[in-house]
Amino acid sequence: MSSSLGTLFRISTWGESHGPGVGVVIDGCPPKIPLSVEDLQKELDRRRPGQSKIVTPRKEADEAEILSGIENGLTTGAPIGILVRNTDQRPSAYTEMQSAYRPSHADYTYDAKYGIRSVSGGGRASARETIGRVAAGAIAHKVLLRDLPNYECIAYVKSIHDLEADIDPNTVTAEQVESNIVRTADAAMVEPMVDLITQMRSEGNSVGGVIECVIRGIPPGLGEPVFDKLEADLAKAMMSLPATKGFEIGSGFEGTLMTGRDHNDEFFIEDGKVRTRTNRSGGVQGGISNGEPIIFRVAFKPTATILIEQNTVNNAGEETTLAARGRHDPCVLPRAVPMVEAMAHLILTDHWLRQKAIQA
């Protein structure tokens, strides 16, 4: 089971949803990066359950413990180990799922692959695994800010079901996103989105949507021209998040409706730097960053675990029904915003260190 990501800045996550704890090991972090538990906790608090009325009510403080790789508040260059203990496990809520497979969840496929699985909460397939990613992303963010002080990565909810926010990626701020529990940057859409999620929860149902992300302050030259293209690695990272079903960058699928003349980003010189007049490439051309803002979108499906009875089968090959119990997000998007940012930090840090290595 592969649980690692990265080339020079490499992370390995571990732990199950209802086990003793979850965490991550970060290898390749440069030395002398200022780092504290508070740096991690700020991001983990944005991801944790129970933070608002529209997310899962599971009560977890998600308090991080740094086990290694830090001396006097600075990274040492050694592997950094981080642990977050699980304190609100309820395995009894998953008794029926020991045999019955939840539709559109990973229960059946894990059994098919390994012949054994962690039943409670989905084990490694649970979004609780992303705690390690978010903690590691906070460290990656610190590395980028040391070397690229203008670096910004802002993700936000672009749409939920058929409700779409009107947000300008060139001007959106983190403060706008964090000003509401949905984590959208369109004030007019906050209440309709909250109402929809609340309705889905009352019905035992769920909805999905799209998160958009803009990255500013990245220089040209990041990314490899063939298999490790910057957008390919971003796509892999985003599609490795639970519940993701789509990725597009720049014009994305809408670009297929344009001609080359309309789609091409013309170059010009501004203050001695090469710029593009439009940004339909989304900041990446030929797999390499061009210095413009990187803009991409990630599609999240409706949460698979719902409280409505559904037809399914069990591990004995018999048809049955299942109505899930437990505590689940009626919409994953508000809590997925920091996950998307964390994965972007990780990919960009890895490519930044790779680029520095060839220029040394």
# chains A, B, ... in the order shown; residues from 1 in each chain; ligands from 1

call {"tool": "closest_atom_pairs", "arguments": {"of": "stretch 207-280 of chain A", "to": "stretch 178-198 of chain A", "cutoff": "12 Å", "atoms": "only C-alpha atoms", "output": "Markdown table"}}
result
| residue | atom | partner | partner_atom | distance |
| --- | --- | --- | --- | --- |
| A:Val207 | CA | A:Ile197 | CA | 7.3 |
| A:Gly208 | CA | A:Ile197 | CA | 9.7 |
| A:Gly209 | CA | A:Met193 | CA | 10.6 |
| A:Val210 | CA | A:Thr184 | CA | 10.6 |
| A:Ile211 | CA | A:Thr184 | CA | 9.0 |
| A:Glu212 | CA | A:Thr184 | CA | 9.7 |
| A:Cys213 | CA | A:Thr184 | CA | 11.3 |

call {"tool": "write_last_selection", "arguments": {"atoms": "N, CA and C atoms", "output": "PDB file, in the first residue's frame"}}
result
ATOM      1  N   VAL A 207     -24.204  16.311  -0.846  1.00  0.00           N
ATOM      2  CA  VAL A 207     -23.955  17.009  -2.109  1.00  0.00           C
ATOM      3  C   VAL A 207     -22.455  17.212  -2.291  1.00  0.00           C
ATOM      4  N   GLY A 208     -22.068  17.412  -3.549  1.00  0.00           N
ATOM      5  CA  GLY A 208     -20.675  17.681  -3.889  1.00  0.00           C
ATOM      6  C   GLY A 208     -20.520  19.063  -4.468  1.00  0.00           C
ATOM      7  N   GLY A 209     -19.386  19.309  -5.130  1.00  0.00           N
ATOM      8  CA  GLY A 209     -19.136  20.626  -5.708  1.00  0.00           C
ATOM      9  C   GLY A 209     -17.713  20.761  -6.208  1.00  0.00           C
ATOM     10  N   VAL A 210     -17.298  21.994  -6.389  1.00  0.00           N
ATOM     11  CA  VAL A 210     -15.981  22.296  -6.971  1.00  0.00           C
ATOM     12  C   VAL A 210     -15.223  23.265  -6.078  1.00  0.00           C
ATOM     13  N   ILE A 211     -13.951  22.972  -5.845  1.00  0.00           N
ATOM     14  CA  ILE A 211     -13.040  23.905  -5.182  1.00  0.00           C
ATOM     15  C   ILE A 211     -12.080  24.448  -6.226  1.00  0.00           C
ATOM     16  N   GLU A 212     -11.949  25.766  -6.255  1.00  0.00           N
ATOM     17  CA  GLU A 212     -10.983  26.419  -7.132  1.00  0.00           C
ATOM     18  C   GLU A 212      -9.809  26.886  -6.289  1.00  0.00           C
ATOM     19  N   CYS A 213      -8.622  26.923  -6.879  1.00  0.00           N
ATOM     20  CA  CYS A 213      -7.426  27.336  -6.153  1.00  0.00           C
ATOM     21  C   CYS A 213      -6.581  28.232  -7.041  1.00  0.00           C
TER      22      CYS A 213
END

call {"tool": "residues_around", "arguments": {"residues": "A:Glu60", "least_positions_apart": "3", "cutoff": "9 Å", "atoms": "only C-alpha atoms", "output": "list of chain:residue names"}}
result
A:Arg48, A:Pro49, A:Gly50, A:Glu63, A:Arg85, A:Asn86, A:Thr87, A:Asp88

call {"tool": "residues_around", "arguments": {"residues": "A:His141", "least_positions_apart": "4", "cutoff": "12 Å", "atoms": "only C-alpha atoms", "output": "PDB file with C-alpha atoms, in the first residue's frame"}}
result
ATOM      1  CA  PHE A   9      10.316  16.856  -0.166  1.00  0.00           C
ATOM      2  CA  CYS A  29      12.684  19.357   4.778  1.00  0.00           C
ATOM      3  CA  ILE A  33      13.075  26.483   9.017  1.00  0.00           C
ATOM      4  CA  PRO A  34      11.261  28.040  12.018  1.00  0.00           C
ATOM      5  CA  LEU A  35       8.523  25.607  13.052  1.00  0.00           C
ATOM      6  CA  ASP A  39       2.099  26.511  12.835  1.00  0.00           C
ATOM      7  CA  LEU A  40       0.574  23.080  12.340  1.00  0.00           C
ATOM      8  CA  GLU A  43      -4.127  24.523   9.550  1.00  0.00           C
ATOM      9  CA  ARG A 133      -1.179  15.851   4.586  1.00  0.00           C
ATOM     10  CA  VAL A 134      -2.409  19.094   6.121  1.00  0.00           C
ATOM     11  CA  ALA A 135       0.288  19.047   8.818  1.00  0.00           C
ATOM     12  CA  ALA A 136       2.990  18.365   6.218  1.00  0.00           C
ATOM     13  CA  GLY A 137       1.518  21.054   3.974  1.00  0.00           C
ATOM     14  CA  LEU A 145       7.620  31.498   2.253  1.00  0.00           C
ATOM     15  CA  ARG A 146      11.273  31.518   3.310  1.00  0.00           C
ATOM     16  CA  ASP A 147      12.442  31.426  -0.304  1.00  0.00           C
ATOM     17  CA  LEU A 148       9.445  33.006  -2.076  1.00  0.00           C
ATOM     18  CA  PRO A 149       8.057  35.759   0.183  1.00  0.00           C
ATOM     19  CA  ASN A 150       5.298  36.659  -2.319  1.00  0.00           C
ATOM     20  CA  TYR A 151       3.952  33.121  -2.401  1.00  0.00           C
ATOM     21  CA  GLU A 152       0.185  32.777  -1.868  1.00  0.00           C
ATOM     22  CA  CYS A 153      -2.069  29.756  -2.230  1.00  0.00           C
ATOM     23  CA  ILE A 154      -5.783  30.391  -1.771  1.00  0.00           C
ATOM     24  CA  ILE A 215      -1.406  30.224  -6.549  1.00  0.00           C
ATOM     25  CA  PRO A 338      -7.265  23.402   3.519  1.00  0.00           C
ATOM     26  CA  GLU A 341      -4.039  24.084  -0.257  1.00  0.00           C
ATOM     27  CA  ALA A 342      -1.860  21.580   1.618  1.00  0.00           C
ATOM     28  CA  MET A 343      -1.459  19.347  -1.432  1.00  0.00           C
ATOM     29  CA  ALA A 344      -0.529  22.373  -3.547  1.00  0.00           C
ATOM     30  CA  HIS A 345       2.099  23.423  -0.963  1.00  0.00           C
ATOM     31  CA  LEU A 346       3.595  19.928  -1.027  1.00  0.00           C
ATOM     32  CA  ILE A 347       3.866  19.683  -4.818  1.00  0.00           C
ATOM     33  CA  LEU A 348       5.244  23.200  -5.235  1.00  0.00           C
ATOM     34  CA  THR A 349       7.807  22.753  -2.454  1.00  0.00           C
ATOM     35  CA  ASP A 350       9.031  19.520  -4.027  1.00  0.00           C
ATOM     36  CA  TRP A 352      10.956  24.270  -5.961  1.00  0.00           C
TER      37      TRP A 352
END

call {"tool": "residues_around", "arguments": {"residues": "A:Phe296", "least_positions_apart": "6", "cutoff": "8 Å", "atoms": "only C-alpha atoms", "output": "list of chain:residue names"}}
result
A:Glu212, A:Cys213, A:Val214, A:Phe247, A:Glu248, A:Ile249, A:Gly250, A:Gly282

call {"tool": "write_last_selection", "arguments": {"atoms": "C-alpha atoms", "output": "tab-separated table (two decimals), in the first residue's frame"}}
result
chain	number	residue	atom	x	y	z
A	212	GLU	CA	-10.98	26.42	-7.13
A	213	CYS	CA	-7.43	27.34	-6.15
A	214	VAL	CA	-5.16	30.21	-7.18
A	247	PHE	CA	-9.23	18.12	-12.10
A	248	GLU	CA	-8.77	20.90	-14.60
A	249	ILE	CA	-6.30	23.75	-14.92
A	250	GLY	CA	-6.61	27.10	-16.65
A	282	GLY	CA	-3.48	28.47	-15.90

call {"tool": "select_by_dssp", "arguments": {"residues": "stretch 102-287 of chain A", "states": "helix (DSSP H, G or I)", "output": "ChimeraX atom specification"}}
result
/A:107-114,120-125,127-147,174-177,187-203,230-239,252-257,260-263

call {"tool": "write_last_selection", "arguments": {"atoms": "C-alpha atoms", "output": "CSV table (one decimal), in the first residue's frame"}}
result
chain,number,residue,atom,x,y,z
A,107,ASP,CA,-15.2,-1.1,1.2
A,108,TYR,CA,-15.6,-3.5,-1.7
A,109,THR,CA,-12.5,-2.5,-3.6
A,110,TYR,CA,-10.3,-2.8,-0.4
A,111,ASP,CA,-11.6,-6.3,0.1
A,112,ALA,CA,-11.0,-7.1,-3.5
A,113,LYS,CA,-7.4,-5.9,-3.3
A,114,TYR,CA,-6.2,-7.0,0.1
A,120,SER,CA,-14.4,1.5,11.3
A,121,GLY,CA,-14.7,4.8,9.5
A,122,GLY,CA,-13.2,3.4,6.3
A,123,GLY,CA,-9.7,3.1,7.8
A,124,ARG,CA,-7.1,4.5,5.3
A,125,ALA,CA,-9.9,5.5,2.9
A,127,ALA,CA,-10.7,11.7,5.0
A,128,ARG,CA,-9.1,11.5,8.5
A,129,GLU,CA,-6.0,10.3,6.7
A,130,THR,CA,-5.6,13.8,5.4
A,131,ILE,CA,-4.5,15.1,8.8
A,132,GLY,CA,-1.0,14.1,7.9
A,133,ARG,CA,-1.2,15.9,4.6
A,134,VAL,CA,-2.4,19.1,6.1
A,135,ALA,CA,0.3,19.0,8.8
A,136,ALA,CA,3.0,18.4,6.2
A,137,GLY,CA,1.5,21.1,4.0
A,138,ALA,CA,1.9,23.6,6.8
A,139,ILE,CA,5.6,22.8,6.9
A,140,ALA,CA,5.9,23.0,3.1
A,141,HIS,CA,4.2,26.4,3.2
A,142,LYS,CA,6.9,27.6,5.6
A,143,VAL,CA,9.7,26.4,3.2
A,144,LEU,CA,8.1,28.3,0.3
A,145,LEU,CA,7.6,31.5,2.3
A,146,ARG,CA,11.3,31.5,3.3
A,147,ASP,CA,12.4,31.4,-0.3
A,174,ALA,CA,-7.7,34.4,2.3
A,175,GLU,CA,-9.6,36.7,4.7
A,176,GLN,CA,-12.7,36.5,2.4
A,177,VAL,CA,-12.6,32.8,2.3
A,187,ALA,CA,-20.9,36.7,0.3
A,188,ALA,CA,-24.2,36.4,-1.6
A,189,MET,CA,-23.8,32.6,-1.9
A,190,VAL,CA,-23.0,31.9,1.7
A,191,GLU,CA,-26.6,31.6,3.0
A,192,PRO,CA,-27.9,29.6,0.0
A,193,MET,CA,-25.0,27.1,0.3
A,194,VAL,CA,-25.5,26.8,4.1
A,195,ASP,CA,-29.2,26.2,3.6
A,196,LEU,CA,-28.6,23.5,1.0
A,197,ILE,CA,-26.0,21.6,3.1
A,198,THR,CA,-28.4,21.9,6.1
A,199,GLN,CA,-31.2,20.5,4.0
A,200,MET,CA,-29.1,17.6,2.8
A,201,ARG,CA,-28.1,16.8,6.4
A,202,SER,CA,-31.7,16.8,7.5
A,203,GLU,CA,-32.6,14.3,4.7
A,230,LEU,CA,3.7,20.6,-12.8
A,231,GLU,CA,0.0,20.2,-13.7
A,232,ALA,CA,0.4,16.4,-13.8
A,233,ASP,CA,1.8,16.3,-10.3
A,234,LEU,CA,-0.9,18.8,-9.1
A,235,ALA,CA,-3.5,16.6,-10.7
A,236,LYS,CA,-2.1,13.5,-9.1
A,237,ALA,CA,-2.0,15.2,-5.7
A,238,MET,CA,-5.5,16.5,-5.9
A,239,MET,CA,-7.0,13.3,-7.3
A,252,GLY,CA,-9.9,23.3,-18.6
A,253,PHE,CA,-12.7,21.7,-20.5
A,254,GLU,CA,-14.1,25.0,-21.6
A,255,GLY,CA,-11.0,25.5,-23.6
A,256,THR,CA,-12.2,22.8,-26.0
A,257,LEU,CA,-14.9,25.2,-27.2
A,260,GLY,CA,-6.3,28.2,-31.0
A,261,ARG,CA,-6.4,31.9,-32.0
A,262,ASP,CA,-8.7,32.7,-29.1
A,263,HIS,CA,-7.1,30.4,-26.6

call {"tool": "atom_distance", "arguments": {"atom1": "atom CA of A:Arg354", "atom2": "atom CA of A:Gly223"}}
result
8.5 Å

call {"tool": "select_by_dssp", "arguments": {"residues": "stretch 14-146 of chain A", "states": "strand (DSSP E or B)", "output": "number ranges by chain"}}
result
A: 14-15, 21-27, 34, 64-66, 70-71, 74-75, 80-85, 100

call {"tool": "residues_around", "arguments": {"residues": "A:Thr303", "least_positions_apart": "6", "cutoff": "8 Å", "atoms": "only C-alpha atoms", "output": "PDB file with N, CA and C atoms, in the first residue's frame"}}
result
ATOM      1  N   SER A 206     -26.433  13.916   0.772  1.00  0.00           N
ATOM      2  CA  SER A 206     -25.183  14.657   0.637  1.00  0.00           C
ATOM      3  C   SER A 206     -25.096  15.335  -0.725  1.00  0.00           C
ATOM      4  N   VAL A 207     -24.204  16.311  -0.846  1.00  0.00           N
ATOM      5  CA  VAL A 207     -23.955  17.009  -2.109  1.00  0.00           C
ATOM      6  C   VAL A 207     -22.455  17.212  -2.291  1.00  0.00           C
ATOM      7  N   GLY A 208     -22.068  17.412  -3.549  1.00  0.00           N
ATOM      8  CA  GLY A 208     -20.675  17.681  -3.889  1.00  0.00           C
ATOM      9  C   GLY A 208     -20.520  19.063  -4.468  1.00  0.00           C
ATOM     10  N   ALA A 243     -12.796  11.518  -2.221  1.00  0.00           N
ATOM     11  CA  ALA A 243     -14.015  12.062  -2.841  1.00  0.00           C
ATOM     12  C   ALA A 243     -13.767  12.899  -4.089  1.00  0.00           C
ATOM     13  N   ASP A 329     -19.930  14.065   6.979  1.00  0.00           N
ATOM     14  CA  ASP A 329     -20.146  15.381   6.375  1.00  0.00           C
ATOM     15  C   ASP A 329     -21.214  15.285   5.301  1.00  0.00           C
ATOM     16  N   PRO A 330     -22.264  16.121   5.352  1.00  0.00           N
ATOM     17  CA  PRO A 330     -23.222  16.156   4.253  1.00  0.00           C
ATOM     18  C   PRO A 330     -22.617  16.788   2.998  1.00  0.00           C
ATOM     19  N   CYS A 331     -21.501  17.509   3.176  1.00  0.00           N
ATOM     20  CA  CYS A 331     -20.762  18.093   2.059  1.00  0.00           C
ATOM     21  C   CYS A 331     -19.316  18.242   2.507  1.00  0.00           C
ATOM     22  N   VAL A 332     -18.382  17.662   1.772  1.00  0.00           N
ATOM     23  CA  VAL A 332     -16.981  17.666   2.209  1.00  0.00           C
ATOM     24  C   VAL A 332     -16.253  18.968   1.888  1.00  0.00           C
TER      25      VAL A 332
END

call {"tool": "decode", "arguments": {"residues": "stretch 119-224 of chain A", "atoms": "C-alpha atoms", "output": "PDB file, in the first residue's frame"}}
result
ATOM      1  CA  VAL A 119     -14.024  -1.435   8.872  1.00  0.00           C
ATOM      2  CA  SER A 120     -14.426   1.459  11.315  1.00  0.00           C
ATOM      3  CA  GLY A 121     -14.737   4.767   9.483  1.00  0.00           C
ATOM      4  CA  GLY A 122     -13.204   3.366   6.339  1.00  0.00           C
ATOM      5  CA  GLY A 123      -9.682   3.068   7.771  1.00  0.00           C
ATOM      6  CA  ARG A 124      -7.139   4.511   5.323  1.00  0.00           C
ATOM      7  CA  ALA A 125      -9.927   5.460   2.908  1.00  0.00           C
ATOM      8  CA  SER A 126     -11.285   7.945   5.451  1.00  0.00           C
ATOM      9  CA  ALA A 127     -10.663  11.665   5.045  1.00  0.00           C
ATOM     10  CA  ARG A 128      -9.101  11.485   8.518  1.00  0.00           C
ATOM     11  CA  GLU A 129      -5.952  10.283   6.740  1.00  0.00           C
ATOM     12  CA  THR A 130      -5.585  13.827   5.368  1.00  0.00           C
ATOM     13  CA  ILE A 131      -4.542  15.129   8.801  1.00  0.00           C
ATOM     14  CA  GLY A 132      -0.996  14.096   7.942  1.00  0.00           C
ATOM     15  CA  ARG A 133      -1.179  15.851   4.586  1.00  0.00           C
ATOM     16  CA  VAL A 134      -2.409  19.094   6.121  1.00  0.00           C
ATOM     17  CA  ALA A 135       0.288  19.047   8.818  1.00  0.00           C
ATOM     18  CA  ALA A 136       2.990  18.365   6.218  1.00  0.00           C
ATOM     19  CA  GLY A 137       1.518  21.054   3.974  1.00  0.00           C
ATOM     20  CA  ALA A 138       1.916  23.604   6.765  1.00  0.00           C
ATOM     21  CA  ILE A 139       5.639  22.797   6.873  1.00  0.00           C
ATOM     22  CA  ALA A 140       5.941  22.970   3.081  1.00  0.00           C
ATOM     23  CA  HIS A 141       4.249  26.369   3.208  1.00  0.00           C
ATOM     24  CA  LYS A 142       6.932  27.618   5.614  1.00  0.00           C
ATOM     25  CA  VAL A 143       9.681  26.437   3.245  1.00  0.00           C
ATOM     26  CA  LEU A 144       8.137  28.277   0.302  1.00  0.00           C
ATOM     27  CA  LEU A 145       7.620  31.498   2.253  1.00  0.00           C
ATOM     28  CA  ARG A 146      11.273  31.518   3.310  1.00  0.00           C
ATOM     29  CA  ASP A 147      12.442  31.426  -0.304  1.00  0.00           C
ATOM     30  CA  LEU A 148       9.445  33.006  -2.076  1.00  0.00           C
ATOM     31  CA  PRO A 149       8.057  35.759   0.183  1.00  0.00           C
ATOM     32  CA  ASN A 150       5.298  36.659  -2.319  1.00  0.00           C
ATOM     33  CA  TYR A 151       3.952  33.121  -2.401  1.00  0.00           C
ATOM     34  CA  GLU A 152       0.185  32.777  -1.868  1.00  0.00           C
ATOM     35  CA  CYS A 153      -2.069  29.756  -2.230  1.00  0.00           C
ATOM     36  CA  ILE A 154      -5.783  30.391  -1.771  1.00  0.00           C
ATOM     37  CA  ALA A 155      -8.418  27.718  -2.274  1.00  0.00           C
ATOM     38  CA  TYR A 156     -12.152  28.356  -1.955  1.00  0.00           C
ATOM     39  CA  VAL A 157     -15.508  26.752  -2.632  1.00  0.00           C
ATOM     40  CA  LYS A 158     -16.499  27.658  -6.172  1.00  0.00           C
ATOM     41  CA  SER A 159     -19.730  25.673  -6.306  1.00  0.00           C
ATOM     42  CA  ILE A 160     -21.896  23.320  -4.282  1.00  0.00           C
ATOM     43  CA  HIS A 161     -24.327  21.211  -6.309  1.00  0.00           C
ATOM     44  CA  ASP A 162     -25.965  23.736  -8.687  1.00  0.00           C
ATOM     45  CA  LEU A 163     -25.038  26.843  -6.658  1.00  0.00           C
ATOM     46  CA  GLU A 164     -22.051  28.636  -8.187  1.00  0.00           C
ATOM     47  CA  ALA A 165     -20.143  31.492  -6.571  1.00  0.00           C
ATOM     48  CA  ASP A 166     -18.889  34.510  -8.508  1.00  0.00           C
ATOM     49  CA  ILE A 167     -15.237  34.845  -7.485  1.00  0.00           C
ATOM     50  CA  ASP A 168     -12.313  36.566  -9.226  1.00  0.00           C
ATOM     51  CA  PRO A 169      -9.203  34.401  -8.685  1.00  0.00           C
ATOM     52  CA  ASN A 170      -6.980  37.394  -9.375  1.00  0.00           C
ATOM     53  CA  THR A 171      -8.299  39.394  -6.416  1.00  0.00           C
ATOM     54  CA  VAL A 172      -9.660  36.836  -3.927  1.00  0.00           C
ATOM     55  CA  THR A 173      -8.129  36.952  -0.430  1.00  0.00           C
ATOM     56  CA  ALA A 174      -7.725  34.370   2.308  1.00  0.00           C
ATOM     57  CA  GLU A 175      -9.621  36.652   4.660  1.00  0.00           C
ATOM     58  CA  GLN A 176     -12.674  36.548   2.373  1.00  0.00           C
ATOM     59  CA  VAL A 177     -12.575  32.760   2.286  1.00  0.00           C
ATOM     60  CA  GLU A 178     -12.211  32.340   6.053  1.00  0.00           C
ATOM     61  CA  SER A 179     -14.963  34.853   6.838  1.00  0.00           C
ATOM     62  CA  ASN A 180     -17.690  32.197   6.530  1.00  0.00           C
ATOM     63  CA  ILE A 181     -18.217  28.523   7.390  1.00  0.00           C
ATOM     64  CA  VAL A 182     -18.684  27.452   3.765  1.00  0.00           C
ATOM     65  CA  ARG A 183     -15.262  28.874   2.798  1.00  0.00           C
ATOM     66  CA  THR A 184     -16.527  30.587  -0.326  1.00  0.00           C
ATOM     67  CA  ALA A 185     -15.548  34.137  -1.256  1.00  0.00           C
ATOM     68  CA  ASP A 186     -18.916  35.242  -2.607  1.00  0.00           C
ATOM     69  CA  ALA A 187     -20.904  36.705   0.299  1.00  0.00           C
ATOM     70  CA  ALA A 188     -24.166  36.414  -1.641  1.00  0.00           C
ATOM     71  CA  MET A 189     -23.799  32.620  -1.899  1.00  0.00           C
ATOM     72  CA  VAL A 190     -22.985  31.853   1.740  1.00  0.00           C
ATOM     73  CA  GLU A 191     -26.557  31.593   3.018  1.00  0.00           C
ATOM     74  CA  PRO A 192     -27.906  29.593   0.022  1.00  0.00           C
ATOM     75  CA  MET A 193     -24.997  27.145   0.329  1.00  0.00           C
ATOM     76  CA  VAL A 194     -25.451  26.764   4.092  1.00  0.00           C
ATOM     77  CA  ASP A 195     -29.189  26.194   3.601  1.00  0.00           C
ATOM     78  CA  LEU A 196     -28.570  23.517   0.962  1.00  0.00           C
ATOM     79  CA  ILE A 197     -26.039  21.638   3.092  1.00  0.00           C
ATOM     80  CA  THR A 198     -28.361  21.883   6.109  1.00  0.00           C
ATOM     81  CA  GLN A 199     -31.225  20.478   4.032  1.00  0.00           C
ATOM     82  CA  MET A 200     -29.077  17.580   2.836  1.00  0.00           C
ATOM     83  CA  ARG A 201     -28.093  16.774   6.413  1.00  0.00           C
ATOM     84  CA  SER A 202     -31.745  16.751   7.539  1.00  0.00           C
ATOM     85  CA  GLU A 203     -32.570  14.315   4.735  1.00  0.00           C
ATOM     86  CA  GLY A 204     -29.591  12.068   5.483  1.00  0.00           C
ATOM     87  CA  ASN A 205     -28.282  12.891   2.014  1.00  0.00           C
ATOM     88  CA  SER A 206     -25.183  14.657   0.637  1.00  0.00           C
ATOM     89  CA  VAL A 207     -23.955  17.009  -2.109  1.00  0.00           C
ATOM     90  CA  GLY A 208     -20.675  17.681  -3.889  1.00  0.00           C
ATOM     91  CA  GLY A 209     -19.136  20.626  -5.708  1.00  0.00           C
ATOM     92  CA  VAL A 210     -15.981  22.296  -6.971  1.00  0.00           C
ATOM     93  CA  ILE A 211     -13.040  23.905  -5.182  1.00  0.00           C
ATOM     94  CA  GLU A 212     -10.983  26.419  -7.132  1.00  0.00           C
ATOM     95  CA  CYS A 213      -7.426  27.336  -6.153  1.00  0.00           C
ATOM     96  CA  VAL A 214      -5.163  30.208  -7.182  1.00  0.00           C
ATOM     97  CA  ILE A 215      -1.406  30.224  -6.549  1.00  0.00           C
ATOM     98  CA  ARG A 216       0.542  33.477  -6.821  1.00  0.00           C
ATOM     99  CA  GLY A 217       4.227  34.303  -6.491  1.00  0.00           C
ATOM    100  CA  ILE A 218       5.625  31.186  -8.194  1.00  0.00           C
ATOM    101  CA  PRO A 219       8.553  31.943 -10.544  1.00  0.00           C
ATOM    102  CA  PRO A 220       8.810  30.507 -14.055  1.00  0.00           C
ATOM    103  CA  GLY A 221      10.681  27.235 -14.421  1.00  0.00           C
ATOM    104  CA  LEU A 222       9.030  24.844 -11.921  1.00  0.00           C
ATOM    105  CA  GLY A 223       7.983  21.448 -13.239  1.00  0.00           C
ATOM    106  CA  GLU A 224       9.527  18.743 -15.399  1.00  0.00           C
TER     107      GLU A 224
END
